[in-house]
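S.K.: Structure file entry_26.txt, compact mmCIF, C-alpha atoms, is pasted below:
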# COMPACT_ATOMS: atom_id res chain seq x y z
CA PHE A 1 61.21 175.49 28.49
CA LEU A 2 62.16 172.07 27.22
CA PHE A 3 64.55 170.30 29.55
CA VAL A 4 66.20 167.04 28.61
CA MET A 5 68.63 165.07 30.73
CA ILE A 6 70.70 162.37 29.07
CA LYS A 7 72.92 160.04 31.02
CA TYR A 8 75.93 158.24 29.60
CA ASN A 9 74.93 155.15 27.63
CA GLU A 10 71.25 155.72 28.33
CA LYS A 11 68.69 154.37 25.87
CA LEU A 12 66.37 156.62 23.91
CA SER A 13 63.41 154.70 25.31
CA ASP A 14 64.35 155.98 28.75
CA ILE A 15 64.33 159.62 27.64
CA ARG A 16 61.23 161.73 28.01
CA LEU A 17 60.93 164.84 25.84
CA SER A 18 58.14 167.21 26.82
CA LYS A 19 57.45 170.27 28.89
CA GLY A 20 57.61 169.11 32.44
CA GLY A 21 58.44 165.53 31.47
CA GLY A 22 56.07 162.83 30.24
CA LYS A 23 55.40 161.06 26.98
CA VAL A 24 57.33 161.43 23.75
CA LYS A 25 55.01 163.15 21.26
CA ILE A 26 54.97 162.01 17.64
CA LEU A 27 52.94 163.56 14.83
CA CYS A 28 52.33 161.71 11.54
CA VAL A 29 51.75 164.01 8.57
CA CYS A 30 50.58 163.49 4.99
CA SER A 31 48.46 165.60 2.62
CA GLY A 32 44.79 164.94 3.35
CA ASN A 33 45.03 162.97 6.62
CA THR A 34 42.68 160.30 5.26
CA CYS A 35 45.10 157.60 4.04
CA ARG A 36 48.80 157.43 4.90
CA SER A 37 49.06 159.38 8.14
CA PRO A 38 46.03 157.74 9.82
CA MET A 39 47.46 154.33 8.94
CA ALA A 40 50.86 155.40 10.26
CA GLU A 41 49.23 156.66 13.46
CA GLY A 42 47.35 153.40 13.94
CA LEU A 43 50.42 151.27 13.29
CA LEU A 44 52.63 153.36 15.56
CA LYS A 45 50.17 153.27 18.45
CA ASP A 46 49.71 149.52 18.09
CA LYS A 47 53.41 148.70 17.84
CA ALA A 48 54.38 151.09 20.63
CA GLN A 49 51.79 149.56 22.95
CA LYS A 50 53.07 146.07 22.23
CA LYS A 51 56.61 147.22 23.00
CA GLY A 52 55.52 148.94 26.19
CA LEU A 53 56.56 152.39 24.94
CA ASP A 54 54.95 155.45 26.46
CA LEU A 55 54.20 157.57 23.37
CA THR A 56 51.59 160.13 22.41
CA VAL A 57 50.80 159.68 18.71
CA SER A 58 48.53 161.73 16.46
CA SER A 59 48.18 162.59 12.78
CA ALA A 60 47.23 165.55 10.62
CA GLY A 61 47.40 166.77 7.02
CA LEU A 62 48.98 169.73 5.27
CA ALA A 63 45.94 170.10 3.01
CA ALA A 64 43.28 168.35 5.06
CA PHE A 65 39.59 169.18 5.15
CA SER A 66 38.68 168.92 8.81
CA GLY A 67 36.09 166.27 9.51
CA ASP A 68 36.68 164.14 6.40
CA CYS A 69 36.36 160.41 7.02
CA VAL A 70 39.34 158.14 6.62
CA SER A 71 39.54 156.26 3.32
CA GLU A 72 37.37 153.14 3.21
CA ASN A 73 40.22 151.04 1.84
CA ALA A 74 42.53 152.29 4.57
CA VAL A 75 40.01 151.13 7.15
CA LYS A 76 39.74 147.73 5.47
CA VAL A 77 43.45 146.95 5.22
CA MET A 78 44.09 148.12 8.78
CA HIS A 79 41.20 145.98 10.01
CA GLU A 80 42.95 142.99 8.42
CA ILE A 81 45.72 143.31 10.99
CA GLY A 82 43.42 144.07 13.91
CA ILE A 83 43.71 147.86 13.99
CA ASP A 84 40.58 150.01 13.91
CA ILE A 85 40.99 153.51 12.43
CA SER A 86 37.35 153.90 11.35
CA ARG A 87 36.65 156.67 13.85
CA HIS A 88 39.47 158.86 12.63
CA ARG A 89 38.51 162.24 11.20
CA ALA A 90 40.85 164.39 9.16
CA ARG A 91 42.29 167.58 10.55
CA ALA A 92 44.84 170.15 9.48
CA VAL A 93 48.30 170.54 10.97
CA SER A 94 48.43 173.29 13.57
CA PRO A 95 51.48 175.43 14.39
CA TYR A 96 50.99 174.73 18.08
CA GLU A 97 51.08 170.97 17.56
CA LEU A 98 54.22 171.22 15.46
CA SER A 99 55.94 173.20 18.20
CA GLU A 100 54.88 170.74 20.89
CA CYS A 101 55.80 167.43 19.23
CA ASP A 102 59.19 165.77 19.55
CA PHE A 103 59.16 164.03 16.16
CA VAL A 104 57.22 164.58 12.94
CA ILE A 105 56.95 161.58 10.63
CA CYS A 106 56.01 162.80 7.15
CA MET A 107 55.39 160.76 4.04
CA SER A 108 57.50 162.53 1.42
CA GLY A 109 60.27 165.02 0.80
CA SER A 110 57.72 167.59 -0.32
CA HIS A 111 56.01 167.40 3.06
CA LYS A 112 59.36 167.86 4.75
CA ALA A 113 60.12 170.90 2.58
CA VAL A 114 56.95 172.58 3.80
CA LEU A 115 57.36 171.59 7.45
CA SER A 116 61.01 172.65 7.60
CA ARG A 117 59.89 176.26 7.14
CA TYR A 118 58.26 176.10 10.54
CA ILE A 119 60.25 173.61 12.64
CA ASP A 120 63.83 172.38 12.85
CA GLU A 121 64.66 169.64 10.36
CA GLU A 122 66.08 167.51 13.17
CA LYS A 123 62.49 166.87 14.29
CA ILE A 124 61.38 165.61 10.85
CA VAL A 125 61.67 161.94 9.84
CA VAL A 126 60.94 160.78 6.28
CA PRO A 127 60.90 157.14 5.13
CA ALA A 128 63.65 156.44 2.61
CA GLY A 129 62.17 157.04 -0.83
CA GLY A 130 58.93 158.28 0.68
CA ILE A 131 55.55 156.53 0.93
CA SER A 132 53.43 156.78 -2.23
CA ASP A 133 49.92 158.19 -1.85
CA PRO A 134 47.39 155.35 -2.26
CA TYR A 135 44.47 157.78 -2.69
CA GLY A 136 42.07 156.46 -5.33
CA GLY A 137 43.74 153.05 -5.46
CA ASP A 138 42.25 149.64 -4.77
CA GLU A 139 42.73 147.53 -1.67
CA ASN A 140 45.98 146.06 -2.97
CA ILE A 141 47.47 149.55 -3.34
CA TYR A 142 46.42 150.41 0.21
CA ARG A 143 47.70 147.09 1.50
CA SER A 144 51.08 147.75 -0.09
CA CYS A 145 51.14 151.21 1.48
CA ARG A 146 50.27 149.75 4.88
CA ASN A 147 53.09 147.22 4.59
CA GLU A 148 55.62 149.92 3.63
CA LEU A 149 54.56 151.98 6.62
CA SER A 150 54.79 148.96 8.90
CA VAL A 151 58.39 148.23 7.86
CA PHE A 152 59.37 151.87 8.31
CA ILE A 153 57.73 152.16 11.73
CA ASP A 154 59.45 148.98 12.91
CA ALA A 155 62.80 150.54 11.96
CA PHE A 156 61.88 153.87 13.55
CA LEU A 157 60.89 152.27 16.85
CA GLU A 158 64.00 150.10 16.84
CA LYS A 159 66.16 153.20 16.63
CA LEU A 160 64.04 155.00 19.18
CA CYS A 161 64.41 152.11 21.63
CA ASP A 162 67.77 150.54 20.96
CA ILE A 163 70.24 153.23 19.94
CA LYS A 164 72.44 154.10 22.86
CA ILE A 165 73.63 157.68 23.25
CA GLU A 166 77.21 158.01 24.38
CA PRO A 167 78.05 161.64 25.02
CA MET A 168 81.10 162.49 27.11
CA ARG A 169 79.28 162.75 30.40
CA TRP A 170 75.95 164.30 31.46
CA TYR A 171 74.29 166.85 29.20
CA TYR A 172 71.48 169.26 29.91
CA TYR A 173 69.79 170.73 26.85
CA CYS A 174 67.59 173.78 27.31
CA ASP A 175 65.29 174.48 24.37
CA VAL A 176 64.71 178.19 24.72
CA ILE A 177 68.14 179.47 25.65
CA GLY A 178 69.97 176.90 23.53
CA MET A 179 72.82 176.39 26.00
CA LEU A 180 74.66 173.33 27.24
CA VAL A 181 75.97 172.89 30.75
CA TRP A 182 78.46 170.08 31.33
CA GLN A 183 79.22 168.81 34.81
CA ASP A 184 82.69 169.94 35.89
CA MET A 185 83.03 171.97 32.67
CA PRO A 186 86.02 174.28 32.97
CA SER A 187 85.42 178.01 32.73
CA GLY A 188 85.51 179.44 29.24
CA ASP A 189 83.29 179.98 26.27
CA SER A 190 80.29 177.80 27.16
CA GLU A 191 78.39 178.73 24.00
CA GLN A 192 81.21 177.53 21.74
CA PHE A 193 81.49 174.39 23.83
CA TYR A 194 77.77 173.82 23.25
CA TRP A 195 78.09 173.97 19.46
CA ASP A 196 81.27 171.86 19.37
CA SER A 197 79.57 169.21 21.50
CA ARG A 198 76.45 169.35 19.36
CA LYS A 199 78.51 168.60 16.25
CA LEU A 200 80.09 165.66 18.05
CA PHE A 201 76.66 164.49 19.18
CA TYR A 202 75.34 164.50 15.62
CA SER A 203 78.41 162.84 14.09
CA ASP A 204 76.54 159.52 14.04
CA LYS A 205 73.72 159.72 11.46
CA ALA A 206 71.58 157.40 13.53
CA LEU A 207 71.32 160.04 16.22
CA ASN A 208 69.55 162.41 13.83
CA PHE A 209 66.30 161.03 15.21
CA PHE A 210 66.99 163.04 18.34
CA PRO A 211 65.92 166.70 17.96
CA ILE A 212 67.56 169.65 19.66
CA LYS A 213 66.44 173.16 18.82
CA LYS A 214 68.86 176.01 18.47
Please render this file's structure as structure tokens.
M.R.:
Amino acid sequence: FLFVMIKYNEKLSDIRLSKGGGKVKILCVCSGNTCRSPMAEGLLKDKAQKKGLDLTVSSAGLAAFSGDCVSENAVKVMHEIGIDISRHRARAVSPYELSECDFVICMSGSHKAVLSRYIDEEKIVVPAGGISDPYGGDENIYRSCRNELSVFIDAFLEKLCDIKIEPMRWYYYCDVIGMLVWQDMPSGDSEQFYWDSRKLFYSDKALNFFPIKK
């Protein structure tokens, strides 16, 4: 099961969410996985590497045709900033990947509506206002899309790295059983304590980036 340990005032960049520990897993999702999500994947990998963040990043599409090449204009505008996504091939979102990732970055509210049927909404991150699909547009349209994604990813990584979590003491979240154990917690209704603490934990909107399954 998923086991996460959070220490008082510890940064999100110090937290590792995965089975058995390891890298934070992020999935970028759009429709065809040939424009927006491959660019988001390339930008996120590049920016994370420059920040020294240990992330696993991939992308997929809700209506992708597996094996499709990435858009030529997407390749061009990413090449302008030194990122090569030419080898990317489209693939469809898989249920297994959704269950394994820690965050899903999707490009619009409609994508979120579909994904929320299968995973907790706390895992899903959508840029404010969404990212318009550049499919069929010229290089300027793709360049504008790339720039929007870049601004969003900068903000996402800033929150991922810099937001400090300040729970009461030490918390241990267990994915499958959905229970919280607090050091020195007095005897009583531990399940109710879990939900009360969870509400407190989510009282700051910024902390919505951090997913906890029921």
S.K.: Would you mind reading off the distance between atom CA of Gly42 of chain A and atom CA of Asn147 of chain A, one decimal, in Å?
M.R.: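 About the pair atom CA of Gly42 of chain A and atom CA of Asn147 of chain A: they are 12.6 Å apart.
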S.K.: Between A:Ala128, A:Cys101, A:Ile26, A:Cys106, which one has atoms that come closest to Leu55 of chain A, using all atoms listed in the file?
M.R.: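 Among the listed residues, A:Ile26 lies closest to Leu55 of chain A.
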S.K.: Record the distance separating atom CA of Leu53 of chain A and atom CA of Cys30 of chain A, expressed in Å with one decimal.
M.R.: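 Atom-to-atom, atom CA of Leu53 of chain A to atom CA of Cys30 of chain A, that is 23.6 Å.
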S.K.: Quick one: pull the distance between atom CA of Cys35 of chain A and atom CA of Ile85 of chain A, Å, one decimal.
M.R.: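 Separation between atom CA of Cys35 of chain A and atom CA of Ile85 of chain A: 10.2 Å.
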S.K.: Applying 9 Å and all atoms listed in the file, which residues near Pro134 of chain A remain after dropping the ones on its own chain fewer than 2 positions away? List them as a list in words.
M.R.: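 With the cut-off at 9 Å, the set is Cys35, Arg36, Ala74, Ile131, Ser132, Gly136, Gly137, Asp138, Ile141, Tyr142, Ser144 and Cys145 of chain A.
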S.K.: How would the residues just picked look written out with C-alpha atoms as a short mmCIF file (atom, residue, chain, number, x, y, z; two decimals), in the coordinates of the input?
M.R.:
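The resulting part.cif:
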data_model
loop_
_atom_site.label_atom_id
_atom_site.label_comp_id
_atom_site.auth_asym_id
_atom_site.auth_seq_id
_atom_site.Cartn_x
_atom_site.Cartn_y
_atom_site.Cartn_z
CA CYS A 35 45.10 157.60 4.04
CA ARG A 36 48.80 157.43 4.90
CA ALA A 74 42.53 152.29 4.57
CA ILE A 131 55.55 156.53 0.93
CA SER A 132 53.43 156.78 -2.23
CA GLY A 136 42.07 156.46 -5.33
CA GLY A 137 43.74 153.05 -5.46
CA ASP A 138 42.25 149.64 -4.77
CA ILE A 141 47.47 149.55 -3.34
CA TYR A 142 46.42 150.41 0.21
CA SER A 144 51.08 147.75 -0.09
CA CYS A 145 51.14 151.21 1.48
#
S.K.: Need the shell around segment 65-71 of chain A: protein/DNA/RNA residues with any atom at most 7 Å away, counting only C-alpha atoms. Skip same-chain ones fewer than 4 positions apart. Format as a list of chain:residue names?
M.R.: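 The residues satisfying every condition are A:Gly32, A:Thr34, A:Cys35, A:Val75, A:Ser86, A:His88, A:Arg89, A:Ala90, A:Arg91, A:Ala92.
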S.K.: I'd like to know which of A:Ser110, A:Phe103, A:Val93, A:Lys23 is closest to Thr56 of chain A, using all atoms listed in the file.
M.R.: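 Residue with the minimum atom-to-atom distance to Thr56 of chain A: A:Lys23.
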S.K.: Set the distance at 12 Å and use all atoms listed in the file: which residues neighbour Met107 of chain A once local chain neighbours fewer than 6 positions away are removed? I'd like the list as a PyMOL selection string.
M.R.: chain A and resi 27-33+35-41+59-62+113-115+124-134+145+148-149+152-153
S.K.: Export, as an mmCIF file, in the frame of the given file, the selected residues with C-alpha atoms.
M.R.:
data_model
loop_
_atom_site.group_PDB
_atom_site.id
_atom_site.type_symbol
_atom_site.label_atom_id
_atom_site.label_comp_id
_atom_site.auth_asym_id
_atom_site.auth_seq_id
_atom_site.Cartn_x
_atom_site.Cartn_y
_atom_site.Cartn_z
ATOM 1 C CA LEU A 27 52.940 163.560 14.830
ATOM 2 C CA CYS A 28 52.330 161.710 11.540
ATOM 3 C CA VAL A 29 51.750 164.010 8.570
ATOM 4 C CA CYS A 30 50.580 163.490 4.990
ATOM 5 C CA SER A 31 48.460 165.600 2.620
ATOM 6 C CA GLY A 32 44.790 164.940 3.350
ATOM 7 C CA ASN A 33 45.030 162.970 6.620
ATOM 8 C CA CYS A 35 45.100 157.600 4.040
ATOM 9 C CA ARG A 36 48.800 157.430 4.900
ATOM 10 C CA SER A 37 49.060 159.380 8.140
ATOM 11 C CA PRO A 38 46.030 157.740 9.820
ATOM 12 C CA MET A 39 47.460 154.330 8.940
ATOM 13 C CA ALA A 40 50.860 155.400 10.260
ATOM 14 C CA GLU A 41 49.230 156.660 13.460
ATOM 15 C CA SER A 59 48.180 162.590 12.780
ATOM 16 C CA ALA A 60 47.230 165.550 10.620
ATOM 17 C CA GLY A 61 47.400 166.770 7.020
ATOM 18 C CA LEU A 62 48.980 169.730 5.270
ATOM 19 C CA ALA A 113 60.120 170.900 2.580
ATOM 20 C CA VAL A 114 56.950 172.580 3.800
ATOM 21 C CA LEU A 115 57.360 171.590 7.450
ATOM 22 C CA ILE A 124 61.380 165.610 10.850
ATOM 23 C CA VAL A 125 61.670 161.940 9.840
ATOM 24 C CA VAL A 126 60.940 160.780 6.280
ATOM 25 C CA PRO A 127 60.900 157.140 5.130
ATOM 26 C CA ALA A 128 63.650 156.440 2.610
ATOM 27 C CA GLY A 129 62.170 157.040 -0.830
ATOM 28 C CA GLY A 130 58.930 158.280 0.680
ATOM 29 C CA ILE A 131 55.550 156.530 0.930
ATOM 30 C CA SER A 132 53.430 156.780 -2.230
ATOM 31 C CA ASP A 133 49.920 158.190 -1.850
ATOM 32 C CA PRO A 134 47.390 155.350 -2.260
ATOM 33 C CA CYS A 145 51.140 151.210 1.480
ATOM 34 C CA GLU A 148 55.620 149.920 3.630
ATOM 35 C CA LEU A 149 54.560 151.980 6.620
ATOM 36 C CA PHE A 152 59.370 151.870 8.310
ATOM 37 C CA ILE A 153 57.730 152.160 11.730
#
S.K.: Nearest to Val24 of chain A among A:Ser58, A:Asp102, A:Glu158, A:Asp46, with distances taken over all atoms listed in the file: which residue is it?
M.R.: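 Result for the nearest residue to Val24 of chain A: A:Asp102.
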S.K.: Using all atoms listed in the file, which of the listed residues (A:Ala64, A:Val104, A:Ile119, A:Ile83) sits closest to Lys47 of chain A?
M.R.: A:Ile83
